[in-house]
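Everything below belongs to data-v3.cif, which stores mmCIF, C-alpha atoms and all ligand atoms.
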data_work
#
loop_
_atom_site.label_atom_id
_atom_site.label_comp_id
_atom_site.auth_asym_id
_atom_site.auth_seq_id
_atom_site.Cartn_x
_atom_site.Cartn_y
_atom_site.Cartn_z
CA MET A 1 -7.60 0.19 -1.26
CA GLU A 2 -5.92 -2.78 -2.92
CA ALA A 3 -7.28 -5.77 -4.81
CA LYS A 4 -5.66 -8.17 -2.33
CA GLN A 5 -7.50 -6.59 0.57
CA ILE A 6 -10.84 -6.69 -1.23
CA ILE A 7 -10.24 -10.38 -1.99
CA LYS A 8 -9.53 -10.99 1.71
CA TRP A 9 -12.79 -9.18 2.53
CA LEU A 10 -14.75 -11.40 0.15
CA GLN A 11 -13.05 -14.54 1.45
CA LEU A 12 -14.03 -13.68 5.03
CA PHE A 13 -17.59 -12.94 3.84
CA THR A 14 -17.70 -16.32 2.10
CA ASP A 15 -16.44 -18.04 5.28
CA LYS A 16 -19.10 -16.37 7.42
CA VAL A 17 -21.87 -17.23 4.99
CA GLY A 18 -20.65 -20.85 4.94
CA GLU A 19 -20.52 -21.06 8.73
CA ASN A 20 -23.99 -19.55 9.03
CA LYS A 21 -25.65 -21.23 6.06
CA ALA A 22 -28.13 -23.15 8.21
CA TYR A 23 -28.92 -20.08 10.30
CA LEU A 24 -29.62 -17.91 7.23
CA SER A 25 -32.02 -20.53 5.88
CA GLU A 26 -33.61 -20.83 9.31
CA LEU A 27 -34.25 -17.06 9.30
CA ASP A 28 -35.77 -17.39 5.82
CA THR A 29 -38.17 -20.17 6.91
CA PRO A 30 -40.88 -18.31 8.87
CA ILE A 31 -40.93 -15.24 6.58
CA GLY A 32 -39.70 -16.70 3.28
CA ASP A 33 -38.98 -20.00 1.56
CA GLY A 34 -36.01 -21.24 3.57
CA ASP A 35 -33.36 -21.00 0.88
CA HIS A 36 -31.34 -17.88 1.70
CA GLY A 37 -28.43 -19.78 3.29
CA ALA A 38 -28.16 -22.22 0.39
CA ASN A 39 -28.47 -19.39 -2.16
CA MET A 40 -25.73 -17.30 -0.53
CA ALA A 41 -23.39 -20.21 0.21
CA ARG A 42 -23.54 -21.38 -3.40
CA GLY A 43 -23.06 -17.88 -4.80
CA THR A 44 -20.21 -16.82 -2.53
CA SER A 45 -18.24 -20.04 -3.02
CA GLU A 46 -18.62 -19.70 -6.81
CA MET A 47 -17.49 -16.09 -6.45
CA MET A 48 -14.27 -17.16 -4.68
CA LYS A 49 -13.70 -19.87 -7.27
CA SER A 50 -13.84 -17.38 -10.11
CA ILE A 51 -11.61 -14.93 -8.23
CA GLU A 52 -9.01 -17.68 -7.78
CA GLU A 53 -9.23 -18.64 -11.44
CA LYS A 54 -9.16 -15.14 -12.93
CA ASN A 55 -6.96 -13.42 -10.38
CA PRO A 56 -8.36 -9.86 -10.82
CA GLU A 57 -5.74 -7.20 -10.21
CA THR A 58 -7.63 -4.04 -9.33
CA PRO A 59 -10.44 -3.39 -6.82
CA THR A 60 -12.75 -2.57 -9.74
CA ASP A 61 -11.98 -5.92 -11.40
CA VAL A 62 -12.60 -7.77 -8.13
CA PHE A 63 -15.96 -6.06 -7.56
CA LYS A 64 -16.97 -6.69 -11.17
CA LEU A 65 -16.16 -10.38 -11.08
CA ALA A 66 -18.01 -10.68 -7.76
CA ALA A 67 -21.06 -8.95 -9.29
CA MET A 68 -21.14 -11.25 -12.31
CA THR A 69 -20.84 -14.44 -10.27
CA LEU A 70 -23.35 -13.38 -7.63
CA ILE A 71 -25.94 -12.43 -10.25
CA SER A 72 -25.60 -15.76 -12.03
CA LYS A 73 -25.09 -18.12 -9.07
CA VAL A 74 -27.04 -16.90 -6.02
CA GLY A 75 -30.49 -16.99 -7.60
CA GLY A 76 -33.70 -15.90 -5.85
CA ALA A 77 -34.36 -12.25 -5.12
CA SER A 78 -31.05 -11.79 -3.39
CA GLY A 79 -28.86 -12.82 -6.37
CA PRO A 80 -29.77 -9.85 -8.58
CA LEU A 81 -29.74 -7.57 -5.53
CA TYR A 82 -26.24 -8.55 -4.37
CA GLY A 83 -25.17 -8.52 -8.01
CA SER A 84 -26.49 -4.97 -8.38
CA ALA A 85 -24.77 -3.94 -5.16
CA PHE A 86 -21.41 -5.15 -6.43
CA MET A 87 -22.06 -3.59 -9.84
CA GLY A 88 -22.69 -0.27 -8.08
CA MET A 89 -19.45 -0.69 -6.15
CA THR A 90 -17.66 -1.55 -9.39
CA LYS A 91 -18.80 1.70 -10.99
CA ALA A 92 -18.07 3.83 -7.91
CA SER A 93 -14.60 2.30 -7.56
CA MET A 94 -13.67 3.46 -11.05
CA LYS A 95 -13.92 7.05 -9.86
CA SER A 96 -13.07 6.92 -6.18
CA ASP A 97 -11.31 4.83 -3.57
CA ASP A 98 -13.32 6.28 -0.71
CA LEU A 99 -15.10 3.43 1.08
CA VAL A 100 -18.25 5.42 1.90
CA THR A 101 -18.59 6.52 -1.72
CA ILE A 102 -18.14 2.94 -2.92
CA LEU A 103 -20.69 1.52 -0.47
CA GLU A 104 -23.15 4.28 -1.37
CA GLY A 105 -22.73 3.27 -5.00
CA GLY A 106 -23.66 -0.29 -4.00
CA MET A 107 -26.63 0.78 -1.93
CA SER A 108 -28.11 2.96 -4.63
CA GLU A 109 -28.09 0.04 -7.09
CA ILE A 110 -29.89 -2.18 -4.54
CA GLN A 111 -32.53 0.52 -4.23
CA LYS A 112 -32.91 0.82 -7.98
CA ARG A 113 -33.11 -2.92 -8.56
CA GLY A 114 -35.31 -3.65 -5.52
CA LYS A 115 -37.43 -0.48 -5.76
CA SER A 116 -36.92 -0.37 -2.03
CA GLU A 117 -36.28 2.19 0.68
CA PRO A 118 -34.72 1.83 4.12
CA GLY A 119 -37.31 0.78 6.73
CA GLU A 120 -38.86 -2.00 4.63
CA LYS A 121 -37.13 -4.87 6.49
CA THR A 122 -34.62 -5.89 3.83
CA MET A 123 -30.87 -6.04 3.32
CA LEU A 124 -31.11 -2.34 2.52
CA ASP A 125 -31.66 -1.62 6.22
CA THR A 126 -28.25 -3.09 6.99
CA TRP A 127 -26.61 -1.20 4.13
CA SER A 128 -28.12 2.17 4.99
CA ARG A 129 -27.41 2.04 8.70
CA VAL A 130 -23.90 0.64 8.25
CA ILE A 131 -23.08 3.49 5.89
CA GLU A 132 -24.52 6.01 8.37
CA SER A 133 -22.36 4.64 11.21
CA LEU A 134 -19.31 4.48 8.99
CA LYS A 135 -19.83 8.18 8.27
CA ASP A 136 -20.10 9.18 11.91
CA GLY A 137 -17.21 6.92 12.95
CA SER A 138 -19.27 4.61 15.19
CA LEU A 139 -19.08 1.42 13.11
CA THR A 140 -17.92 -1.74 14.92
CA GLU A 141 -18.69 -5.42 14.39
CA GLU A 142 -21.00 -5.26 17.41
CA LYS A 143 -22.88 -2.39 15.84
CA VAL A 144 -23.25 -4.29 12.56
CA LYS A 145 -24.82 -7.21 14.45
CA GLU A 146 -27.24 -4.92 16.28
CA ILE A 147 -28.28 -3.29 13.02
CA ALA A 148 -29.25 -6.63 11.43
CA GLU A 149 -31.04 -7.78 14.59
CA GLU A 150 -33.07 -4.58 14.69
CA THR A 151 -34.92 -5.64 11.53
CA LYS A 152 -36.77 -8.05 13.84
CA GLU A 153 -39.26 -5.39 14.92
CA MET A 154 -39.89 -4.09 11.42
CA LYS A 155 -42.81 -4.95 9.16
CA ALA A 156 -41.77 -6.19 5.70
CA THR A 157 -43.14 -4.31 2.72
CA LYS A 158 -40.80 -5.77 0.06
CA GLY A 159 -39.89 -9.31 -0.99
CA ARG A 160 -41.54 -12.57 0.05
CA ALA A 161 -41.76 -11.53 3.70
CA SER A 162 -44.16 -8.73 2.70
CA TYR A 163 -46.82 -11.36 1.87
CA LEU A 164 -47.06 -11.92 5.63
CA GLY A 165 -47.81 -8.29 6.45
CA GLU A 166 -47.98 -7.81 10.25
CA ARG A 167 -46.92 -11.43 10.76
CA SER A 168 -43.46 -10.60 9.46
CA ILE A 169 -42.87 -8.67 12.68
CA GLY A 170 -40.82 -10.62 15.26
CA HIS A 171 -38.40 -12.23 12.78
CA ILE A 172 -34.96 -11.01 11.71
CA ASP A 173 -34.68 -10.46 7.94
CA PRO A 174 -32.34 -13.06 6.38
CA GLY A 175 -30.90 -10.66 3.78
CA ALA A 176 -30.21 -8.05 6.47
CA MET A 177 -28.30 -10.76 8.34
CA SER A 178 -26.28 -11.93 5.32
CA SER A 179 -25.37 -8.30 4.61
CA SER A 180 -24.20 -7.99 8.23
CA TYR A 181 -21.65 -10.74 7.47
CA LEU A 182 -20.45 -8.72 4.50
CA PHE A 183 -19.78 -5.71 6.72
CA GLU A 184 -18.29 -7.68 9.61
CA ALA A 185 -15.93 -9.20 7.05
CA MET A 186 -15.10 -5.72 5.75
CA ILE A 187 -14.10 -4.59 9.25
CA GLU A 188 -12.11 -7.79 9.90
CA ALA A 189 -10.24 -7.42 6.62
CA GLY A 190 -9.32 -3.88 7.65
CA VAL A 191 -10.87 -2.33 4.53
CA LYS A 192 -11.05 1.42 5.02
P1 LIG B 201 -36.05 -15.38 -2.35
O1 LIG B 201 -36.92 -14.49 -1.50
O2 LIG B 201 -36.30 -15.21 -3.81
O3 LIG B 201 -36.08 -16.82 -1.89
P2 LIG B 201 -33.58 -15.03 -0.87
O4 LIG B 201 -34.21 -15.86 0.17
O5 LIG B 201 -32.24 -15.48 -1.33
O6 LIG B 201 -34.53 -14.86 -2.13
O7 LIG B 201 -33.39 -13.53 -0.36
C1 LIG B 201 -34.36 -12.90 0.44
C2 LIG B 201 -33.84 -11.55 0.90
O8 LIG B 201 -33.77 -10.64 -0.19
C3 LIG B 201 -34.73 -10.86 1.92
O9 LIG B 201 -34.44 -11.29 3.23
C4 LIG B 201 -34.43 -9.38 1.71
O10 LIG B 201 -33.37 -8.94 2.54
C5 LIG B 201 -33.97 -9.31 0.28
N1 LIG B 201 -34.95 -8.65 -0.58
C6 LIG B 201 -36.03 -9.20 -1.18
N2 LIG B 201 -36.69 -8.28 -1.92
C7 LIG B 201 -36.00 -7.11 -1.80
C8 LIG B 201 -36.14 -5.79 -2.33
N3 LIG B 201 -37.14 -5.47 -3.15
N4 LIG B 201 -35.23 -4.85 -1.97
C9 LIG B 201 -34.21 -5.16 -1.15
N5 LIG B 201 -34.01 -6.38 -0.63
C10 LIG B 201 -34.89 -7.34 -0.93
MG MG B 202 -35.67 -17.27 0.14
MG MG B 203 -36.22 -18.60 -3.06
#
Kindly transcribe the structure held in the file into structure tokens.
Amino acid sequence: MEAKQIIKWLQLFTDKVGENKAYLSELDTPIGDGDHGANMARGTSEMMKSIEEKNPETPTDVFKLAAMTLISKVGGASGPLYGSAFMGMTKASMKSDDLVTILEGGMSEIQKRGKSEPGEKTMLDTWSRVIESLKDGSLTEEKVKEIAEETKEMKATKGRASYLGERSIGHIDPGAMSSSYLFEAMIEAGVK
């Protein structure tokens, strides 16, 4: 794992978020407040700006800079959650360069910050199932898409969408979708 490759991963993530900004906000409209696309687009472009300015040289430094910018620039519920995810990856990357270990470090910080479990219709559902498929060798971009789309049938018990109870069923979770872009980007960048 090299810093350059992680930067490429984050650039592709930023591109996907930018391309799908309207769609992410559209997903956040029926079960949230319609700002997820704007939140993520602002945060990821600020993240790339600070990476260009500071030119971090190790994977740990890249993850750390990403964490700091996402926490301060995304806002909403997802800012601290993505920030925590990248902080978890920062810490894990100091001890290991195994991708599963690093992603698990990210996921456990989302859980701590969000007090959430898989199955609650959040970004955590994408993280947990992507990590599972990565472990059993079945992860593809197609699979990542399916995973995010499968939050449609779930009932939200965390975040704004949980205020809707049963009425949250039938809508894809916006954070699960934005996390799917993160993992599609990871595959496209060839991060292993
Ligand atoms: P806000 O809800 O404050 O407007 P966003 O719209 O940017 O924030 O982000 C909403 C997303 O955050 C949800 O779609 C969900 O995936 C995620 N989320 C919210 N609360 C939690 C939580 N407690 N644990 C994990 N993810 C959460
Ligand atoms: Mg929102
Ligand atoms: Mg909001």
Self-check item: Which of A:Gly43, A:Gly37, A:Gly88, A:Gly114 sits closest to A:Lys73 [using all atoms listed in the file]
Solution: A:Gly43
Quiz item: Counting all atoms listed in the file, what residues are within 8 Å of ligand MG 203 (chain B), given as a ChimeraX atom specification?
Solution: /A:32-36,39,75-77
Quiz item: Within 12 Å of (-29.8, -5.2, 17.1), all atoms listed in the file: residues as a PyMOL selection string?
Solution: chain A and resi 125-126+129+141-154+171-173+176-177+180
What would the file look like if the residues just selected were written as an mmCIF file, in the frame of the given file with C-alpha atoms?
data_model
loop_
_atom_site.group_PDB
_atom_site.id
_atom_site.type_symbol
_atom_site.label_atom_id
_atom_site.label_comp_id
_atom_site.auth_asym_id
_atom_site.auth_seq_id
_atom_site.Cartn_x
_atom_site.Cartn_y
_atom_site.Cartn_z
ATOM 1 C CA ASP A 125 -31.660 -1.620 6.220
ATOM 2 C CA THR A 126 -28.250 -3.090 6.990
ATOM 3 C CA ARG A 129 -27.410 2.040 8.700
ATOM 4 C CA GLU A 141 -18.690 -5.420 14.390
ATOM 5 C CA GLU A 142 -21.000 -5.260 17.410
ATOM 6 C CA LYS A 143 -22.880 -2.390 15.840
ATOM 7 C CA VAL A 144 -23.250 -4.290 12.560
ATOM 8 C CA LYS A 145 -24.820 -7.210 14.450
ATOM 9 C CA GLU A 146 -27.240 -4.920 16.280
ATOM 10 C CA ILE A 147 -28.280 -3.290 13.020
ATOM 11 C CA ALA A 148 -29.250 -6.630 11.430
ATOM 12 C CA GLU A 149 -31.040 -7.780 14.590
ATOM 13 C CA GLU A 150 -33.070 -4.580 14.690
ATOM 14 C CA THR A 151 -34.920 -5.640 11.530
ATOM 15 C CA LYS A 152 -36.770 -8.050 13.840
ATOM 16 C CA GLU A 153 -39.260 -5.390 14.920
ATOM 17 C CA MET A 154 -39.890 -4.090 11.420
ATOM 18 C CA HIS A 171 -38.400 -12.230 12.780
ATOM 19 C CA ILE A 172 -34.960 -11.010 11.710
ATOM 20 C CA ASP A 173 -34.680 -10.460 7.940
ATOM 21 C CA ALA A 176 -30.210 -8.050 6.470
ATOM 22 C CA MET A 177 -28.300 -10.760 8.340
ATOM 23 C CA SER A 180 -24.200 -7.990 8.230
#
Quiz item: Skipping near chain neighbours, those fewer than 3 positions away, what residues fall within 12 Å of A:Leu182 using only C-alpha atoms, listed as a count of residues only?
Solution: 36
Self-check item: Residue with smallest distance to A:Ile110 - pool A:Pro30, A:Pro80, A:Gly159, A:Pro59, counting all atoms listed in the file
Solution: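 Smallest distance to A:Ile110 is found for A:Pro80.
Atom CA of A:Asp136 is positioned 28.9 Å from atom CA of A:Ile169.
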Exercise. Select, from A:Glu109, A:Asp61, A:Asp28, A:Glu132, the residue with the minimum atom-to-atom distance to ligand MG 202 (chain B), counting all atoms listed in the file.
Key: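 With all atoms listed in the file as the atom set, the closest residue is A:Asp28.
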Practice problem: Would you list the contacts of A:Asp97 as number ranges by chain, taking every protein, DNA or RNA residue within 10 Å and counting all atoms listed in the file, but skipping same-chain residues closer than 6 positions in sequence? | Solution: A: 1-2, 59-60, 192
From the block I gave, I'd like stretch 27-126 of chain A written with C-alpha atoms, as a PDB file, in the first residue's frame.
ATOM      1  CA  LEU A  27     -31.951   9.755  -1.753  1.00  0.00           C
ATOM      2  CA  ASP A  28     -31.750  11.918   1.383  1.00  0.00           C
ATOM      3  CA  THR A  29     -35.006  13.765   0.552  1.00  0.00           C
ATOM      4  CA  PRO A  30     -37.739  11.222   1.419  1.00  0.00           C
ATOM      5  CA  ILE A  31     -35.961   9.834   4.511  1.00  0.00           C
ATOM      6  CA  GLY A  32     -33.788  12.782   5.571  1.00  0.00           C
ATOM      7  CA  ASP A  33     -33.236  16.476   4.899  1.00  0.00           C
ATOM      8  CA  GLY A  34     -31.929  16.383   1.340  1.00  0.00           C
ATOM      9  CA  ASP A  35     -28.379  17.536   2.004  1.00  0.00           C
ATOM     10  CA  HIS A  36     -26.234  14.398   1.811  1.00  0.00           C
ATOM     11  CA  GLY A  37     -24.947  15.085  -1.723  1.00  0.00           C
ATOM     12  CA  ALA A  38     -24.031  18.686  -0.909  1.00  0.00           C
ATOM     13  CA  ASN A  39     -22.416  17.636   2.394  1.00  0.00           C
ATOM     14  CA  MET A  40     -20.284  14.935   0.777  1.00  0.00           C
ATOM     15  CA  ALA A  41     -19.356  16.949  -2.319  1.00  0.00           C
ATOM     16  CA  ARG A  42     -18.153  19.857  -0.193  1.00  0.00           C
ATOM     17  CA  GLY A  43     -16.210  17.611   2.189  1.00  0.00           C
ATOM     18  CA  THR A  44     -14.533  15.436  -0.428  1.00  0.00           C
ATOM     19  CA  SER A  45     -13.451  18.372  -2.597  1.00  0.00           C
ATOM     20  CA  GLU A  46     -11.975  20.104   0.482  1.00  0.00           C
ATOM     21  CA  MET A  47     -10.253  16.815   1.310  1.00  0.00           C
ATOM     22  CA  MET A  48      -8.577  16.704  -2.131  1.00  0.00           C
ATOM     23  CA  LYS A  49      -7.610  20.357  -1.825  1.00  0.00           C
ATOM     24  CA  SER A  50      -5.808  19.749   1.449  1.00  0.00           C
ATOM     25  CA  ILE A  51      -4.126  16.615   0.072  1.00  0.00           C
ATOM     26  CA  GLU A  52      -2.813  18.642  -2.873  1.00  0.00           C
ATOM     27  CA  GLU A  53      -1.587  21.394  -0.573  1.00  0.00           C
ATOM     28  CA  LYS A  54       0.042  19.215   2.081  1.00  0.00           C
ATOM     29  CA  ASN A  55       1.206  16.349  -0.097  1.00  0.00           C
ATOM     30  CA  PRO A  56       1.118  13.602   2.601  1.00  0.00           C
ATOM     31  CA  GLU A  57       3.756  10.952   2.034  1.00  0.00           C
ATOM     32  CA  THR A  58       2.548   7.846   3.849  1.00  0.00           C
ATOM     33  CA  PRO A  59      -0.826   6.049   3.804  1.00  0.00           C
ATOM     34  CA  THR A  60      -1.259   6.959   7.480  1.00  0.00           C
ATOM     35  CA  ASP A  61      -0.711  10.656   6.725  1.00  0.00           C
ATOM     36  CA  VAL A  62      -3.189  10.518   3.834  1.00  0.00           C
ATOM     37  CA  PHE A  63      -5.884   8.858   5.965  1.00  0.00           C
ATOM     38  CA  LYS A  64      -5.274  11.317   8.787  1.00  0.00           C
ATOM     39  CA  LEU A  65      -5.564  14.379   6.591  1.00  0.00           C
ATOM     40  CA  ALA A  66      -8.723  12.930   5.033  1.00  0.00           C
ATOM     41  CA  ALA A  67     -10.191  12.354   8.510  1.00  0.00           C
ATOM     42  CA  MET A  68      -9.486  15.902   9.659  1.00  0.00           C
ATOM     43  CA  THR A  69     -10.960  17.523   6.558  1.00  0.00           C
ATOM     44  CA  LEU A  70     -14.032  15.291   6.453  1.00  0.00           C
ATOM     45  CA  ILE A  71     -14.817  15.949  10.121  1.00  0.00           C
ATOM     46  CA  SER A  72     -14.578  19.701   9.678  1.00  0.00           C
ATOM     47  CA  LYS A  73     -16.079  20.123   6.199  1.00  0.00           C
ATOM     48  CA  VAL A  74     -18.812  17.528   5.585  1.00  0.00           C
ATOM     49  CA  GLY A  75     -21.071  18.531   8.468  1.00  0.00           C
ATOM     50  CA  GLY A  76     -24.324  16.773   9.373  1.00  0.00           C
ATOM     51  CA  ALA A  77     -24.288  13.303  10.889  1.00  0.00           C
ATOM     52  CA  SER A  78     -22.125  11.909   8.141  1.00  0.00           C
ATOM     53  CA  GLY A  79     -19.169  14.298   8.670  1.00  0.00           C
ATOM     54  CA  PRO A  80     -18.189  12.975  12.106  1.00  0.00           C
ATOM     55  CA  LEU A  81     -18.964   9.425  10.955  1.00  0.00           C
ATOM     56  CA  TYR A  82     -16.743   9.548   7.849  1.00  0.00           C
ATOM     57  CA  GLY A  83     -14.175  11.425   9.926  1.00  0.00           C
ATOM     58  CA  SER A  84     -14.225   8.639  12.523  1.00  0.00           C
ATOM     59  CA  ALA A  85     -13.957   6.016   9.797  1.00  0.00           C
ATOM     60  CA  PHE A  86     -10.820   7.633   8.404  1.00  0.00           C
ATOM     61  CA  MET A  87      -9.428   8.120  11.911  1.00  0.00           C
ATOM     62  CA  GLY A  88      -9.922   4.391  12.518  1.00  0.00           C
ATOM     63  CA  MET A  89      -8.131   3.642   9.247  1.00  0.00           C
ATOM     64  CA  THR A  90      -5.358   6.038  10.258  1.00  0.00           C
ATOM     65  CA  LYS A  91      -4.780   4.154  13.504  1.00  0.00           C
ATOM     66  CA  ALA A  92      -5.003   0.708  11.896  1.00  0.00           C
ATOM     67  CA  SER A  93      -2.589   1.724   9.131  1.00  0.00           C
ATOM     68  CA  MET A  94       0.085   2.560  11.693  1.00  0.00           C
ATOM     69  CA  LYS A  95       0.245  -1.110  12.639  1.00  0.00           C
ATOM     70  CA  SER A  96      -0.731  -2.966   9.490  1.00  0.00           C
ATOM     71  CA  ASP A  97      -0.933  -2.620   5.738  1.00  0.00           C
ATOM     72  CA  ASP A  98      -3.575  -5.305   5.394  1.00  0.00           C
ATOM     73  CA  LEU A  99      -6.637  -3.785   3.709  1.00  0.00           C
ATOM     74  CA  VAL A 100      -9.197  -5.827   5.681  1.00  0.00           C
ATOM     75  CA  THR A 101      -7.563  -4.839   8.967  1.00  0.00           C
ATOM     76  CA  ILE A 102      -7.551  -1.178   7.941  1.00  0.00           C
ATOM     77  CA  LEU A 103     -11.200  -1.196   6.843  1.00  0.00           C
ATOM     78  CA  GLU A 104     -12.190  -3.004  10.040  1.00  0.00           C
ATOM     79  CA  GLY A 105     -10.442  -0.233  11.966  1.00  0.00           C
ATOM     80  CA  GLY A 106     -12.601   2.280  10.076  1.00  0.00           C
ATOM     81  CA  MET A 107     -15.797   0.356  10.630  1.00  0.00           C
ATOM     82  CA  SER A 108     -15.288  -0.028  14.349  1.00  0.00           C
ATOM     83  CA  GLU A 109     -14.902   3.750  14.745  1.00  0.00           C
ATOM     84  CA  ILE A 110     -18.160   4.340  12.821  1.00  0.00           C
ATOM     85  CA  GLN A 111     -19.869   1.950  15.219  1.00  0.00           C
ATOM     86  CA  LYS A 112     -18.424   3.686  18.253  1.00  0.00           C
ATOM     87  CA  ARG A 113     -19.286   7.171  17.034  1.00  0.00           C
ATOM     88  CA  GLY A 114     -22.723   6.243  15.662  1.00  0.00           C
ATOM     89  CA  LYS A 115     -23.617   3.743  18.397  1.00  0.00           C
ATOM     90  CA  SER A 116     -24.840   1.665  15.507  1.00  0.00           C
ATOM     91  CA  GLU A 117     -24.869  -1.962  14.414  1.00  0.00           C
ATOM     92  CA  PRO A 118     -25.190  -3.519  10.968  1.00  0.00           C
ATOM     93  CA  GLY A 119     -28.848  -3.940   9.952  1.00  0.00           C
ATOM     94  CA  GLU A 120     -29.931  -0.426  10.980  1.00  0.00           C
ATOM     95  CA  LYS A 121     -30.027   0.981   7.418  1.00  0.00           C
ATOM     96  CA  THR A 122     -26.939   3.184   7.547  1.00  0.00           C
ATOM     97  CA  MET A 123     -23.537   3.483   5.896  1.00  0.00           C
ATOM     98  CA  LEU A 124     -22.436   0.769   8.313  1.00  0.00           C
ATOM     99  CA  ASP A 125     -24.404  -1.778   6.273  1.00  0.00           C
ATOM    100  CA  THR A 126     -22.211  -1.026   3.272  1.00  0.00           C
TER     101      THR A 126
END
